[in-house]
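To keep things clear, I will list the structure first and then write my remarks on it.
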Amino acid sequence: MDSQDRVNLKMGAKRQVLDHYKFYVLLSILWLALWWIGDTMYTRDVNLIARINEASAGWSFNSFFSFAGIFFIVASMLHAGTQLTMIDLDRATAEMDNPIQRSFTLFDKGQYFLGWLFVCIFVGIFTFLWSLLLFFPGIIKAYSYSQAFYIYRDAYDRGENITALEAITRSRKMMNGYKSFLFIMDLSFILWFILGEITFGLAFLFVMPYYDLARAKFYNQLVWRQTENRPHTMDDVDAR
């Protein structure tokens with residue numbers, strides 16, 4: 001993939017979101033709302049709760065973060081469901097109907113949820129351990145493992161007996177030569193993310209579906225290239 005591929009992925013995603021904006025907003029609105037609630041609680045009360053904690057009421061501090069964390073965790077689950085839906089939509093294997101219901105795709109099968117859970121746990125552990133060395137190895141590995149859950153879901157749907165660790169290994173191999181491509185594509189969304197912040201989150205109703213769909217198209221392109229055994233440029237080396 002080259003810079004023109006990156007432009008094409010983003011243009012295709014933007015056009016699709018604009019053409020079906022209502023569907024994509026409804027698909028993403030639940031996880032965005034839950035994330036916003038959790039983030040607002042954290043931002044508003046962290047200083048107050050910290051002072052309470054210093055006054056020997058540590059249970060209040062911990063219970064607050066546990067409660068706020070619930071919103072973040074549930075939002076992440078729904079976000080995973082929207083990402084799976086976008087992958088399927090890009091493949092034309094899903095219909096643009098029932099967007100709210102489709103945001104719960106992670107719970108369609110118990111194995112989806114378990115795969116997501118264990119992939120998140122292992123990726124978090126591995127990324128943390130790599131980050132102990134230096135900051136940049138952690139970033140590199142985060143991108144190496146970024147496709148693991150999608151690989152897990154696809155393998156499970158094909159009837160393969162795959163573990164979370166195997167999915168992570170496949171993701172690492174699949175991302176050889178493409179980590180810098182995805183990193184640069186993510187950087188190209190920085191101004192969009194800033195727009196979301198300065199509009200108090202309202203712009204994220206467009207930005208996040210746009211971003212997620214661009215990433216879904218990226219994953220599908222990787223799968224297609226791997227299936228077709230097409231050559232690609234090794235533009236970065238996988239840190240081991």
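Residue numbering restarts at 1 for every chain of the structure tokens, chains are lettered A, B, ... in their displayed order, and ligands are numbered from 1 as they appear.
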Surrounding residues of Tyr219 (chain A) excluding itself and chain neighbours under 6 positions, 10 Å, only C-alpha atoms, as a PDB file with N, CA, C and O atoms, in the first residue's frame:
```
ATOM      1  N   ILE A  87     -16.814  -3.747   9.119  1.00  0.00           N
ATOM      2  CA  ILE A  87     -16.056  -4.697   8.308  1.00  0.00           C
ATOM      3  C   ILE A  87     -17.002  -5.485   7.412  1.00  0.00           C
ATOM      4  O   ILE A  87     -16.752  -5.664   6.214  1.00  0.00           O
ATOM      5  N   SER A 146      -2.939  -4.806  16.340  1.00  0.00           N
ATOM      6  CA  SER A 146      -4.194  -4.059  16.173  1.00  0.00           C
ATOM      7  C   SER A 146      -5.292  -4.820  15.424  1.00  0.00           C
ATOM      8  O   SER A 146      -6.473  -4.492  15.558  1.00  0.00           O
ATOM      9  N   GLN A 147      -4.933  -5.829  14.646  1.00  0.00           N
ATOM     10  CA  GLN A 147      -5.938  -6.550  13.862  1.00  0.00           C
ATOM     11  C   GLN A 147      -6.321  -7.887  14.496  1.00  0.00           C
ATOM     12  O   GLN A 147      -7.080  -8.664  13.906  1.00  0.00           O
ATOM     13  N   TYR A 150     -10.177  -8.893  14.916  1.00  0.00           N
ATOM     14  CA  TYR A 150     -10.848  -9.108  13.636  1.00  0.00           C
ATOM     15  C   TYR A 150     -10.419 -10.447  13.030  1.00  0.00           C
ATOM     16  O   TYR A 150     -11.239 -11.185  12.458  1.00  0.00           O
ATOM     17  N   ILE A 151      -9.137 -10.762  13.153  1.00  0.00           N
ATOM     18  CA  ILE A 151      -8.629 -12.048  12.675  1.00  0.00           C
ATOM     19  C   ILE A 151      -9.283 -13.188  13.443  1.00  0.00           C
ATOM     20  O   ILE A 151      -9.682 -14.206  12.852  1.00  0.00           O
ATOM     21  N   MET A 174       0.594 -10.320   9.831  1.00  0.00           N
ATOM     22  CA  MET A 174      -0.170  -9.599   8.820  1.00  0.00           C
ATOM     23  C   MET A 174       0.263  -8.137   8.716  1.00  0.00           C
ATOM     24  O   MET A 174       0.279  -7.552   7.629  1.00  0.00           O
ATOM     25  N   MET A 175       0.639  -7.552   9.856  1.00  0.00           N
ATOM     26  CA  MET A 175       0.986  -6.128   9.879  1.00  0.00           C
ATOM     27  C   MET A 175       2.428  -5.855   9.483  1.00  0.00           C
ATOM     28  O   MET A 175       2.838  -4.697   9.426  1.00  0.00           O
ATOM     29  N   LEU A 182      -0.589   2.345   8.566  1.00  0.00           N
ATOM     30  CA  LEU A 182      -1.716   2.600   9.462  1.00  0.00           C
ATOM     31  C   LEU A 182      -1.417   3.740  10.419  1.00  0.00           C
ATOM     32  O   LEU A 182      -2.300   4.556  10.720  1.00  0.00           O
ATOM     33  N   LEU A 213     -14.602   3.312   9.873  1.00  0.00           N
ATOM     34  CA  LEU A 213     -14.838   2.703   8.569  1.00  0.00           C
ATOM     35  C   LEU A 213     -13.555   2.680   7.737  1.00  0.00           C
ATOM     36  O   LEU A 213     -13.302   1.719   7.000  1.00  0.00           O
ATOM     37  N   ARG A 225      -5.234  -8.865   0.278  1.00  0.00           N
ATOM     38  CA  ARG A 225      -3.870  -9.007  -0.215  1.00  0.00           C
ATOM     39  C   ARG A 225      -3.243 -10.312   0.264  1.00  0.00           C
ATOM     40  O   ARG A 225      -2.493 -10.968  -0.469  1.00  0.00           O
TER      41      ARG A 225
END
```
What lies within 10 Å of Arg153 (chain A) using only C-alpha atoms, ignoring chain neighbours under 2 positions off, as a list in words? Leu84, Leu106, Gln111, Tyr112, Phe113, Gly115, Trp116, Ala148, Phe149, Tyr150, Ile151, Ala155, Tyr156, Asp157, Arg158, Gly159, Glu160, Ile162 and Ala167 of chain A
Residues just named, written with N, CA, C and O atoms as an mmCIF file, in the first residue's frame:
```cif
data_model
loop_
_atom_site.group_PDB
_atom_site.id
_atom_site.type_symbol
_atom_site.label_atom_id
_atom_site.label_comp_id
_atom_site.auth_asym_id
_atom_site.auth_seq_id
_atom_site.Cartn_x
_atom_site.Cartn_y
_atom_site.Cartn_z
ATOM 1 N N LEU A 84 -16.987 -4.481 13.924
ATOM 2 C CA LEU A 84 -17.290 -5.719 13.200
ATOM 3 C C LEU A 84 -18.350 -5.470 12.134
ATOM 4 O O LEU A 84 -18.261 -5.990 11.012
ATOM 5 N N LEU A 106 -21.045 -7.778 19.077
ATOM 6 C CA LEU A 106 -20.080 -8.521 19.892
ATOM 7 C C LEU A 106 -20.761 -9.625 20.681
ATOM 8 O O LEU A 106 -20.128 -10.638 21.011
ATOM 9 N N GLN A 111 -18.571 -16.718 21.693
ATOM 10 C CA GLN A 111 -17.163 -16.812 21.353
ATOM 11 C C GLN A 111 -16.606 -15.482 20.884
ATOM 12 O O GLN A 111 -15.413 -15.206 21.051
ATOM 13 N N TYR A 112 -17.460 -14.640 20.290
ATOM 14 C CA TYR A 112 -17.007 -13.299 19.913
ATOM 15 C C TYR A 112 -16.565 -12.534 21.157
ATOM 16 O O TYR A 112 -15.490 -11.931 21.183
ATOM 17 N N PHE A 113 -17.433 -12.560 22.166
ATOM 18 C CA PHE A 113 -17.136 -11.813 23.383
ATOM 19 C C PHE A 113 -15.892 -12.350 24.083
ATOM 20 O O PHE A 113 -15.020 -11.584 24.499
ATOM 21 N N GLY A 115 -13.437 -14.023 22.769
ATOM 22 C CA GLY A 115 -12.270 -13.690 21.961
ATOM 23 C C GLY A 115 -11.845 -12.257 22.158
ATOM 24 O O GLY A 115 -10.654 -11.964 22.326
ATOM 25 N N TRP A 116 -12.813 -11.351 22.146
ATOM 26 C CA TRP A 116 -12.514 -9.927 22.362
ATOM 27 C C TRP A 116 -11.886 -9.722 23.730
ATOM 28 O O TRP A 116 -10.881 -8.999 23.871
ATOM 29 N N ALA A 148 -5.836 -8.159 15.688
ATOM 30 C CA ALA A 148 -5.977 -9.495 16.278
ATOM 31 C C ALA A 148 -7.430 -9.915 16.461
ATOM 32 O O ALA A 148 -7.801 -11.053 16.135
ATOM 33 N N PHE A 149 -8.265 -9.035 16.975
ATOM 34 C CA PHE A 149 -9.657 -9.443 17.228
ATOM 35 C C PHE A 149 -10.406 -9.701 15.931
ATOM 36 O O PHE A 149 -11.207 -10.647 15.847
ATOM 37 N N TYR A 150 -10.177 -8.893 14.916
ATOM 38 C CA TYR A 150 -10.848 -9.108 13.636
ATOM 39 C C TYR A 150 -10.419 -10.447 13.030
ATOM 40 O O TYR A 150 -11.239 -11.185 12.458
ATOM 41 N N ILE A 151 -9.137 -10.762 13.153
ATOM 42 C CA ILE A 151 -8.629 -12.048 12.675
ATOM 43 C C ILE A 151 -9.283 -13.188 13.443
ATOM 44 O O ILE A 151 -9.682 -14.206 12.852
ATOM 45 N N ALA A 155 -11.607 -16.063 11.731
ATOM 46 C CA ALA A 155 -11.199 -17.464 11.855
ATOM 47 C C ALA A 155 -12.299 -18.293 12.505
ATOM 48 O O ALA A 155 -12.591 -19.413 12.063
ATOM 49 N N TYR A 156 -12.907 -17.752 13.535
ATOM 50 C CA TYR A 156 -14.000 -18.464 14.206
ATOM 51 C C TYR A 156 -15.169 -18.696 13.255
ATOM 52 O O TYR A 156 -15.749 -19.787 13.217
ATOM 53 N N ASP A 157 -15.511 -17.688 12.458
ATOM 54 C CA ASP A 157 -16.617 -17.825 11.509
ATOM 55 C C ASP A 157 -16.318 -18.858 10.420
ATOM 56 O O ASP A 157 -17.242 -19.440 9.834
ATOM 57 N N ARG A 158 -15.037 -19.079 10.142
ATOM 58 C CA ARG A 158 -14.652 -20.104 9.167
ATOM 59 C C ARG A 158 -14.600 -21.496 9.788
ATOM 60 O O ARG A 158 -14.321 -22.482 9.095
ATOM 61 N N GLY A 159 -14.854 -21.562 11.091
ATOM 62 C CA GLY A 159 -14.831 -22.847 11.769
ATOM 63 C C GLY A 159 -13.473 -23.267 12.281
ATOM 64 O O GLY A 159 -13.287 -24.422 12.683
ATOM 65 N N GLU A 160 -12.510 -22.343 12.286
ATOM 66 C CA GLU A 160 -11.171 -22.664 12.779
ATOM 67 C C GLU A 160 -11.145 -22.626 14.301
ATOM 68 O O GLU A 160 -11.814 -21.819 14.937
ATOM 69 N N ILE A 162 -9.197 -21.365 16.971
ATOM 70 C CA ILE A 162 -8.145 -20.365 17.161
ATOM 71 C C ILE A 162 -8.205 -19.806 18.569
ATOM 72 O O ILE A 162 -9.282 -19.651 19.153
ATOM 73 N N ALA A 167 -4.352 -15.491 17.339
ATOM 74 C CA ALA A 167 -4.838 -14.327 16.597
ATOM 75 C C ALA A 167 -3.836 -13.176 16.689
ATOM 76 O O ALA A 167 -3.600 -12.464 15.707
#
```
Need to verify the contact set: region 92-104 of chain A, 10 Å, only C-alpha atoms, exclusion of same-chain residues closer than 6 positions in sequence. Can you return it as a VMD selection string? chain A and resid 20 22 to 31 77 to 86
May I have all residues of region 65-119 of chain A that DSSP, computed from the backbone, assigns to alpha helix (DSSP H), given as number ranges by chain? A: 65-90, 99-102, 110-119
Rank nothing, just name the residue among A:Tyr143, A:Phe118, A:Phe67, A:Tyr42 nearest to Asn176 (chain A), using only C-alpha atoms. A:Tyr143
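For the atom pair formed by CA of Ser144 (chain A) and CA of Glu166 (chain A), the distance is 13.2 Å, given to one decimal.
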Hey, what's within 12 Å of Asp5 (chain A) if we count only C-alpha atoms and toss same-chain stuff fewer than 3 positions away? As a PyMOL selection string, please? chain A and resi 1-2+8-12+178+181-182+184-185+214+217-218+221-222
Next, the residues of the selection above should be written as a PDB file, in the first residue's frame with N, CA and C atoms.
```
ATOM      1  N   MET A   1       0.840  -1.191   0.000  1.00  0.00           N
ATOM      2  CA  MET A   1       0.000   0.000   0.000  1.00  0.00           C
ATOM      3  C   MET A   1       0.879   1.246   0.000  1.00  0.00           C
ATOM      4  N   ASP A   2       0.404   2.301  -0.673  1.00  0.00           N
ATOM      5  CA  ASP A   2       1.147   3.546  -0.715  1.00  0.00           C
ATOM      6  C   ASP A   2       0.226   4.697  -0.308  1.00  0.00           C
ATOM      7  N   ASN A   8      -7.378   6.772  -0.946  1.00  0.00           N
ATOM      8  CA  ASN A   8      -8.558   6.063  -1.451  1.00  0.00           C
ATOM      9  C   ASN A   8      -9.377   5.456  -0.315  1.00  0.00           C
ATOM     10  N   LEU A   9      -8.701   4.900   0.681  1.00  0.00           N
ATOM     11  CA  LEU A   9      -9.408   4.333   1.829  1.00  0.00           C
ATOM     12  C   LEU A   9     -10.215   5.401   2.547  1.00  0.00           C
ATOM     13  N   LYS A  10      -9.589   6.542   2.778  1.00  0.00           N
ATOM     14  CA  LYS A  10     -10.272   7.614   3.496  1.00  0.00           C
ATOM     15  C   LYS A  10     -11.408   8.218   2.670  1.00  0.00           C
ATOM     16  N   MET A  11     -11.173   8.410   1.390  1.00  0.00           N
ATOM     17  CA  MET A  11     -12.224   8.971   0.545  1.00  0.00           C
ATOM     18  C   MET A  11     -13.416   8.029   0.464  1.00  0.00           C
ATOM     19  N   GLY A  12     -13.140   6.731   0.332  1.00  0.00           N
ATOM     20  CA  GLY A  12     -14.224   5.765   0.284  1.00  0.00           C
ATOM     21  C   GLY A  12     -15.018   5.735   1.573  1.00  0.00           C
ATOM     22  N   TYR A 178       3.085  -2.921   7.133  1.00  0.00           N
ATOM     23  CA  TYR A 178       1.916  -2.044   7.067  1.00  0.00           C
ATOM     24  C   TYR A 178       1.712  -1.195   8.325  1.00  0.00           C
ATOM     25  N   PHE A 181       2.056   2.433   7.537  1.00  0.00           N
ATOM     26  CA  PHE A 181       0.912   2.881   6.731  1.00  0.00           C
ATOM     27  C   PHE A 181      -0.264   3.240   7.628  1.00  0.00           C
ATOM     28  N   LEU A 182      -0.589   2.345   8.566  1.00  0.00           N
ATOM     29  CA  LEU A 182      -1.716   2.600   9.462  1.00  0.00           C
ATOM     30  C   LEU A 182      -1.417   3.740  10.419  1.00  0.00           C
ATOM     31  N   ILE A 184       0.488   6.381   9.890  1.00  0.00           N
ATOM     32  CA  ILE A 184       0.349   7.649   9.168  1.00  0.00           C
ATOM     33  C   ILE A 184      -1.126   7.955   8.902  1.00  0.00           C
ATOM     34  N   MET A 185      -1.908   6.924   8.586  1.00  0.00           N
ATOM     35  CA  MET A 185      -3.332   7.160   8.370  1.00  0.00           C
ATOM     36  C   MET A 185      -3.999   7.654   9.652  1.00  0.00           C
ATOM     37  N   ALA A 214     -12.734   3.727   7.857  1.00  0.00           N
ATOM     38  CA  ALA A 214     -11.449   3.730   7.153  1.00  0.00           C
ATOM     39  C   ALA A 214     -10.580   2.584   7.645  1.00  0.00           C
ATOM     40  N   LYS A 217     -11.912  -0.733   6.272  1.00  0.00           N
ATOM     41  CA  LYS A 217     -11.484  -0.918   4.885  1.00  0.00           C
ATOM     42  C   LYS A 217     -10.009  -1.315   4.821  1.00  0.00           C
ATOM     43  N   PHE A 218      -9.208  -0.754   5.702  1.00  0.00           N
ATOM     44  CA  PHE A 218      -7.799  -1.131   5.764  1.00  0.00           C
ATOM     45  C   PHE A 218      -7.653  -2.616   6.082  1.00  0.00           C
ATOM     46  N   GLN A 221      -8.590  -4.778   3.164  1.00  0.00           N
ATOM     47  CA  GLN A 221      -7.554  -4.758   2.136  1.00  0.00           C
ATOM     48  C   GLN A 221      -6.399  -5.694   2.506  1.00  0.00           C
ATOM     49  N   LEU A 222      -6.045  -5.714   3.795  1.00  0.00           N
ATOM     50  CA  LEU A 222      -4.988  -6.626   4.237  1.00  0.00           C
ATOM     51  C   LEU A 222      -5.395  -8.075   4.011  1.00  0.00           C
TER      52      LEU A 222
END
```
Between A:Ser188, A:Val207, A:Leu114, A:Ser180, which one has atoms that come closest to Ile139 (chain A), using only C-alpha atoms?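 Among A:Ser188, A:Val207, A:Leu114, A:Ser180, it is A:Ser180 that comes nearest to Ile139 (chain A).
Taking CA of Arg172 (chain A) as the reference point, CA of Lys141 (chain A) is found at 8.0 Å.
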CA of Arg170 (chain A) to CA of Phe193 (chain A), straight-line distance in Å: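 Calculated distance between CA of Phe193 (chain A) and CA of Arg170 (chain A) is 29.8 Å.
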